[in-house]
Each structure stands twice: as C-alpha cells, then as structure tokens.
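Peer 1: After the structure tokens below, expect a handful of questions from me.
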Amino acid sequence: MKKSLSSVICLTVISLVITALLAVTNAFTAPIIEEAERAAAFGALTKVLPSGQFGADCEITEISDDLKKIGVESAYVSSNGGCVVTINTAGYSTGLKLMFGVDGEGKIAGSECLASSETLGFEKTYGENILGADLNSIDGINTVAGATKTTTAYRNAAKSAMQAAIILGGGTVDTRSEEEILNDNLNEILGTTAAVFTKWFKTADLGPVENAYVSSLGFVFESEGAFASTDRNGSIVNNASSLTEADIKAAYEAIASSDTIADVDFSGVAVSDKVTAVQKYANGNYVITVKGSGFGKNGPAEYGISNEYIIIKVAVTPDGKILDCVTVSQAETEGIGSACADPAYYSQYAGKDASTLDSVDAIAGATFTSKGYKAAVNAAIESAKVLKEAGK
C-alpha cells in the first residue's frame with residue numbers, strides 16, 4: 001500500500017515538472033512561432049500586392065459583418081491605398097481559400113491560392129486571367145470549360161475582394177445575393193417588406209407574363225424585366241410594366257385556379273418508359289415527371305458514374321407545348337453535367353415543342369447529360385399527346 005502511494009506521488013511530481021517545463025518552453029517559443037507566421041503571411045501579402053504598393057507597416061484589420069457576408073476571412077490595409085484580403089469559398093468542393101491584392105484603383109494586383117480541395121488544378125493558374133480586372137470587367141472574364149465551378153468561384157471571390165476594398169476604404173457595397181435582391185424587389189412592387197416569394201411552376205400559359213412569383217401576401221408578375229403585383233384576392237397593387245389589367249387578371253386567375261385534379265393512372269397507355277408520374281390540372285395541362293439517362297447512367301464506368309437518372313418535371317399542354325421545366329434531382333459530374341440543375345439551362349425548355357427542342361443549347365463538355373436530358377423532355381412531350389388521345 002505504501003509502495004503504491006509512493007508511486008502515485010512520484011508520478012504527480014513528474015507531471016507537474018513536465019507541465020512547468022512545457023509552460024516555460026512555450027513562453028520562449030510562442031513569440032518566435034508567432035513572428036515566423038507573421039513573416040510567412042507578409043511574404044504572401046507581397047506576392048499578391050507587390051512591393052511599392054503595399055506598406056511595410058500593415059496591420060490586420062478587424063473583420064466586420066459586411067466583410068464576413070462576402071466571405072472575407074482576413075484583411076490587411078496598405079498605407080499606400082491598396083489592401084489584401086483572404087476569401088474562403090467553395091468551388092468543386094469546400095475549402096477553397098484565395099488571397100487577393102487590390103491596388104489603390106480597385107483593380108486586382110495579384111492573387112494566390114492558399115488552400116484547395118479542387119480536383120483539376122485550375123485554381124492554381126486561373127488568377128493570371130484576372131490581373132488588372134475591376135468590378136466593371138470581372139464578369140466578362142471567361143470561366144474554364146470543364147472547371148466551371150472552380151473558376152466561377154475564383155472569379156466571384158475576386159469580385160468579393162474588390163468589394164471588400166471599397167468597404168475597407170469606408171465605402172458601401174450591396175452585399176446581397178441575387179436571390180435576396182430579387183426578393184427585395186418583389187416586396188417593393190407588392191408594397192410589402194417581409195414576404196417570401198417562390199417562383200411559380202407554370203402549369204398554365206400566362207400569355208405575356210414570363211414569370212410569376214407567389215407569396216402568402218400576394219402575387220408578382222414579370223414581363224420584359226418589369227413587374228406588376230396583386231394581393232391574394234387579385235386586386236392590382238402596383239403596375240410598373242406594360243401588362244394590361246386584363247393580362248394581370250388572366251395571370252392571377254390562371255394561378256388561383258391551378259389546383260391539381262388528380263394523379264393520372266397511365267398503366268396500359270403507351271407512354272414512354274421514361275415517364276414515372278403524371279398529374280393533370282383543371283385547365284387540362286399535364287405535369288409529367290421523367291427520368292433522363294445522362295452521364296450517370298451512360299458514362300464510361302471507369303469515371304465513377306453514379307448510376308442515377310436525372311429526374312425532371314415538365315409542365316406541358318396536351319398538344320405538346322412545354323409550359324415549364326425544372327430539374328428535380330441529378331447526380332451528374334460536379335461542375336460539368338451538374339449544370340443541368342441550373343435554371344439558366346432548364347429554363348430554355350419553356351415555350352418549346354418537339355419541333356424546336358434542337359434550339360436548346362447543350363451544356364458545354366456534357367454531351368451525355370445534354371442528350372439524355374433532351375430525350376427525357378421530348379418523352380414528356382410525346383407522352384402528353386398519347387395521354388390526350390387516350391382520354392386521360
């Protein structure tokens with residue numbers, strides 16, 4: 001018992017001595033490590049904002065909420081008018097950390113990739129494309145085909161860096177996302193402040209109305225980039241568009257009366273085997289869900305295909321005119337075929353029929369995806385005609 005107690009005391013003393021030694025060692029080495037890290041950071045700074053543009057007396061700047069919102073992780077302000085910011089973003093995957101130097105004129109003076117989990121390596125060289133860019137020209141710089149997500153993220157991060165330079169200089173910028181800007185604009189035309197809008201999936205032809213947005217407080221209709229609004233009862237609130245009162249009333253009634261009649265039983269009807277579900281609306285139009293065989297089903301096995309279909313929902317008239325189209329789910333190659341889930345792609349199908357489908361632009365570098373998607377949409381068109389003939 002005495003021997004056991006003695007061992008415990010001995011171990012305790014040893015632990016205390018080791019702890020004390022570590023504390024003393026840390027007291028001596030911490031300042032050295034901190035200075036080494038600072039020197040390394042400053043070395044990176046001078047890479048992206050060359051000597052003569054960046055003051056040697058720089059200090060890291062406190063990151064405001066506005067800077068955090070646009071992804072700024074750290075910022076240094078130059079005594080010569082420029083700044084250096086680090087942006088944490090996501091391209092093909094998360095963890096893309098980029099450092100930008102912005103000169104006193106608000107132009108990109110340099111950039112450096114500090115950390116990345118991207119697969120193709122374009123983040124290491126893409127910065128060369130944006131040297132000298134400013135906020136007026138950055139959107140005109142092309143992304144790299146096959147590395148769309150990576151290079152788009154890089155370009156957007158550069159834009160954030162230039163916005164950060166304005167904020168750090170005491171100015172203000174609009175840091176809202178495109179979705180937030182749209183929602184704020186819709187609230188303004190409806191005369192509200194807190195309404196949350198969703199884009200209406202068109203199950204009816206809205207005539208000159210290109211898009212409709214629905215909220216619990218009312219509707220907003222878009223035509224040629226201008227808007228009109230009604231309350232939930234159909235009374236016009238504002239009209240800043242060329243839409244007539246009759247146009248607005250017709251669009252409102254089309255939405256208000258768009259309840260689903262029923263799911264359609266299409267067993268025994270010769271619809272395409274790509275069709276997985278059909279709904280019919282009070283106005284006689286169909287919403288047909290189809291599965292497209294893209295790269296995930298038809299791509300070379302050695303590329304690690306997902307073996308999953310692209311699931312697409314198509315609103316179509318009985319005569320085969322597409323009213324609306326949306327990608328429900330997909331597992332195509334990230335950054336390439338995955339563009340089929342982008343509204344800029346699938347919105348091209350609205351207004352098309354079998355004779356005009358070829359006018360839809362394919363996704364660059366994604367032949368399997370584009371062909372499989374278009375074939376599935378065409379199956380929805382042809383199936384709508386078959387359902388009409390069958391009296392469904």
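Residue numbering restarts at 1 in every chain; chains get A, B, ... in the order shown in the structure tokens, and ligands count up from 1 in that same order.
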Give me, as a PDB file with N, CA and C atoms, in the first residue's frame, all polymer residues having an atom no more than 7 Å from range 85-97 of chain A, counting only C-alpha atoms and skipping those fewer than 3 positions away in the same chain.
Peer 2:
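Result saved to out.pdb:
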ATOM      1  N   GLY A  71     -17.538  36.577 -47.472  1.00  0.00           N
ATOM      2  CA  GLY A  71     -16.554  35.507 -47.373  1.00  0.00           C
ATOM      3  C   GLY A  71     -15.155  35.923 -46.975  1.00  0.00           C
ATOM      4  N   VAL A  72     -14.974  37.167 -46.509  1.00  0.00           N
ATOM      5  CA  VAL A  72     -13.636  37.634 -46.130  1.00  0.00           C
ATOM      6  C   VAL A  72     -13.239  37.013 -44.795  1.00  0.00           C
ATOM      7  N   GLU A  73     -12.089  36.366 -44.795  1.00  0.00           N
ATOM      8  CA  GLU A  73     -11.581  35.710 -43.592  1.00  0.00           C
ATOM      9  C   GLU A  73     -10.549  36.577 -42.873  1.00  0.00           C
ATOM     10  N   SER A  74      -9.715  37.284 -43.630  1.00  0.00           N
ATOM     11  CA  SER A  74      -8.743  38.209 -43.047  1.00  0.00           C
ATOM     12  C   SER A  74      -8.484  39.336 -44.029  1.00  0.00           C
ATOM     13  N   ALA A  75      -8.029  40.473 -43.514  1.00  0.00           N
ATOM     14  CA  ALA A  75      -7.794  41.628 -44.378  1.00  0.00           C
ATOM     15  C   ALA A  75      -6.672  42.484 -43.822  1.00  0.00           C
ATOM     16  N   TYR A  76      -5.842  42.974 -44.728  1.00  0.00           N
ATOM     17  CA  TYR A  76      -4.770  43.911 -44.397  1.00  0.00           C
ATOM     18  C   TYR A  76      -4.953  45.147 -45.263  1.00  0.00           C
ATOM     19  N   PHE A 100      -6.161  37.792 -52.364  1.00  0.00           N
ATOM     20  CA  PHE A 100      -6.146  38.770 -53.437  1.00  0.00           C
ATOM     21  C   PHE A 100      -5.512  40.068 -52.977  1.00  0.00           C
ATOM     22  N   GLY A 101      -4.741  40.677 -53.858  1.00  0.00           N
ATOM     23  CA  GLY A 101      -4.266  42.027 -53.646  1.00  0.00           C
ATOM     24  C   GLY A 101      -5.058  42.963 -54.528  1.00  0.00           C
ATOM     25  N   CYS A 113      -3.567  31.069 -54.506  1.00  0.00           N
ATOM     26  CA  CYS A 113      -4.383  30.010 -53.918  1.00  0.00           C
ATOM     27  C   CYS A 113      -3.658  29.489 -52.681  1.00  0.00           C
ATOM     28  N   LEU A 114      -4.248  29.673 -51.490  1.00  0.00           N
ATOM     29  CA  LEU A 114      -3.612  29.264 -50.240  1.00  0.00           C
ATOM     30  C   LEU A 114      -3.978  27.841 -49.843  1.00  0.00           C
ATOM     31  N   ALA A 115      -5.193  27.413 -50.185  1.00  0.00           N
ATOM     32  CA  ALA A 115      -5.635  26.054 -49.826  1.00  0.00           C
ATOM     33  C   ALA A 115      -6.730  25.628 -50.788  1.00  0.00           C
ATOM     34  N   SER A 116      -6.763  24.331 -51.111  1.00  0.00           N
ATOM     35  CA  SER A 116      -7.733  23.861 -52.091  1.00  0.00           C
ATOM     36  C   SER A 116      -7.948  22.358 -51.986  1.00  0.00           C
ATOM     37  N   SER A 117      -9.205  21.954 -52.272  1.00  0.00           N
ATOM     38  CA  SER A 117      -9.533  20.533 -52.410  1.00  0.00           C
ATOM     39  C   SER A 117     -10.073  20.270 -53.812  1.00  0.00           C
ATOM     40  N   GLU A 118      -9.830  21.202 -54.750  1.00  0.00           N
ATOM     41  CA  GLU A 118     -10.288  21.037 -56.122  1.00  0.00           C
ATOM     42  C   GLU A 118      -9.532  19.882 -56.778  1.00  0.00           C
ATOM     43  N   LYS A 149     -17.195  25.266 -62.043  1.00  0.00           N
ATOM     44  CA  LYS A 149     -17.431  25.605 -60.638  1.00  0.00           C
ATOM     45  C   LYS A 149     -16.199  26.230 -60.004  1.00  0.00           C
ATOM     46  N   THR A 150     -15.033  25.659 -60.283  1.00  0.00           N
ATOM     47  CA  THR A 150     -13.794  26.162 -59.691  1.00  0.00           C
ATOM     48  C   THR A 150     -13.513  27.582 -60.158  1.00  0.00           C
ATOM     49  N   ALA A 153     -16.076  30.188 -59.003  1.00  0.00           N
ATOM     50  CA  ALA A 153     -15.839  30.526 -57.601  1.00  0.00           C
ATOM     51  C   ALA A 153     -14.655  31.481 -57.462  1.00  0.00           C
ATOM     52  N   ALA A 157     -14.912  35.228 -56.063  1.00  0.00           N
ATOM     53  CA  ALA A 157     -14.101  35.605 -54.907  1.00  0.00           C
ATOM     54  C   ALA A 157     -13.310  36.879 -55.199  1.00  0.00           C
ATOM     55  N   ALA A 161     -13.346  40.393 -53.216  1.00  0.00           N
ATOM     56  CA  ALA A 161     -12.142  41.090 -52.758  1.00  0.00           C
ATOM     57  C   ALA A 161     -12.201  42.568 -53.128  1.00  0.00           C
ATOM     58  N   GLU A 334     -19.971  16.733 -61.131  1.00  0.00           N
ATOM     59  CA  GLU A 334     -19.979  18.039 -60.494  1.00  0.00           C
ATOM     60  C   GLU A 334     -19.151  19.026 -61.309  1.00  0.00           C
ATOM     61  N   GLY A 335     -19.742  20.205 -61.534  1.00  0.00           N
ATOM     62  CA  GLY A 335     -19.037  21.236 -62.268  1.00  0.00           C
ATOM     63  C   GLY A 335     -19.134  21.116 -63.774  1.00  0.00           C
TER      64      GLY A 335
END
Peer 1: Running DSSP on the backbone, which parts of range 222-321 of chain A land in alpha helix (DSSP H), as an NGL selection string?
Peer 2: :A and (245-256 or 295-298)
Peer 1: Counting only C-alpha atoms, which residue out of A:Ala262, A:Ala341, A:Ala379, A:Ala194 sits closest to Gln279 in chain A?
Peer 2: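 Of A:Ala262, A:Ala341, A:Ala379, A:Ala194, the one nearest Gln279 in chain A is A:Ala262, counting only C-alpha atoms.
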Peer 1: Given only C-alpha atoms, how would the per-residue table for range 149-173 of chain A near range 128-132 of chain A read, listing every residue at most 10 Å away with its closest atom pair and distance in Å to one decimal, sorted by chain and number, as a Markdown table?
Peer 2:
| residue | atom | partner | partner_atom | distance |
| --- | --- | --- | --- | --- |
| A:Tyr154 | CA | A:Ile130 | CA | 9.4 |
| A:Arg155 | CA | A:Ile130 | CA | 7.7 |
| A:Ala158 | CA | A:Ile130 | CA | 8.0 |
Peer 1: With N, CA, C and O atoms retained, export the selected residues as a PDB file, in the first residue's frame.
Peer 2:
ATOM      1  N   TYR A 154     -13.614  31.239 -58.247  1.00  0.00           N
ATOM      2  CA  TYR A 154     -12.422  32.100 -58.214  1.00  0.00           C
ATOM      3  C   TYR A 154     -12.800  33.523 -58.652  1.00  0.00           C
ATOM      4  O   TYR A 154     -12.437  34.513 -57.998  1.00  0.00           O
ATOM      5  N   ARG A 155     -13.528  33.625 -59.739  1.00  0.00           N
ATOM      6  CA  ARG A 155     -13.926  34.935 -60.264  1.00  0.00           C
ATOM      7  C   ARG A 155     -14.829  35.673 -59.278  1.00  0.00           C
ATOM      8  O   ARG A 155     -14.666  36.879 -59.046  1.00  0.00           O
ATOM      9  N   ALA A 158     -12.827  37.008 -56.430  1.00  0.00           N
ATOM     10  CA  ALA A 158     -12.121  38.237 -56.824  1.00  0.00           C
ATOM     11  C   ALA A 158     -13.056  39.434 -56.733  1.00  0.00           C
ATOM     12  O   ALA A 158     -12.660  40.530 -56.296  1.00  0.00           O
TER      13      ALA A 158
END
Peer 1: Within 12 Å of Asp358 in chain A, counting only C-alpha atoms, which residues show up once you throw out same-chain ones fewer than 5 positions away? Write them as an MDAnalysis selection string, please.
Peer 2: chainID A and resid 348:349 352:353 370:371 373:375 377:378
Peer 1: Rank nothing, just name the residue among A:Leu168, A:Leu243, A:Ala228, A:Ala380 nearest to Gly292 in chain A, using only C-alpha atoms.
Peer 2: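 Among A:Leu168, A:Leu243, A:Ala228, A:Ala380, it is A:Ala380 that comes nearest to Gly292 in chain A.
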Peer 1: With distances taken over only C-alpha atoms, which residue among A:Ile288, A:Leu67, A:Ala256, A:Val220 lies nearest Val271 in chain A?
Peer 2: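 Smallest separation from Val271 in chain A among the options: A:Ile288.
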Peer 1: Quick one: residues within 12 Å of Ala390 in chain A, only C-alpha atoms, excluding same-chain residues fewer than 3 positions away - as a PyMOL selection string?
Peer 2: chain A and resi 264-271+318+383-387
Peer 1: Write to file, as a short mmCIF file (atom, residue, chain, number, x, y, z; two decimals), in the first residue's frame, the residues of the selection just made, with C-alpha atoms.
Peer 2:
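Listing of result-v5.cif after writing:
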data_model
loop_
_atom_site.label_atom_id
_atom_site.label_comp_id
_atom_site.auth_asym_id
_atom_site.auth_seq_id
_atom_site.Cartn_x
_atom_site.Cartn_y
_atom_site.Cartn_z
CA VAL A 264 -53.18 10.16 -63.63
CA ASP A 265 -53.16 6.37 -63.87
CA PHE A 266 -51.27 5.77 -67.11
CA SER A 267 -50.99 2.00 -66.84
CA GLY A 268 -51.99 0.43 -70.12
CA VAL A 269 -51.27 3.65 -72.01
CA ALA A 270 -48.33 3.65 -74.43
CA VAL A 271 -46.41 6.47 -72.77
CA PRO A 318 -52.00 18.18 -74.31
CA SER A 383 -46.44 11.21 -73.78
CA ALA A 384 -48.73 14.22 -73.28
CA LYS A 385 -50.10 13.68 -76.79
CA VAL A 386 -50.63 9.98 -76.12
CA LEU A 387 -52.43 10.74 -72.86
#
Peer 1: Could you check which of A:Glu332, A:Glu188, A:Ala147, A:Thr172 is closest to Tyr303 in chain A, using only C-alpha atoms?
Peer 2: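 Closest to Tyr303 in chain A, using only C-alpha atoms: A:Glu332.
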Peer 1: Between CA of Ala366 in chain A and CA of Gly296 in chain A, measure the distance and give it in Å to one decimal.
Peer 2: 11.2 Å
Peer 1: From a DSSP calculation on the backbone, collect every residue of range 120-280 of chain A in strand (DSSP E or B) and output the set as a PyMOL selection string.
Peer 2: chain A and resi 198-199+211-214+218-223+226-231+236-239+260-263+275-280
Peer 1: Would you mind telling me which residue in A:Leu98, A:Ile189, A:Cys83, A:Ala277 lies nearest to Thr151 in chain A when using only C-alpha atoms?
Peer 2: A:Leu98
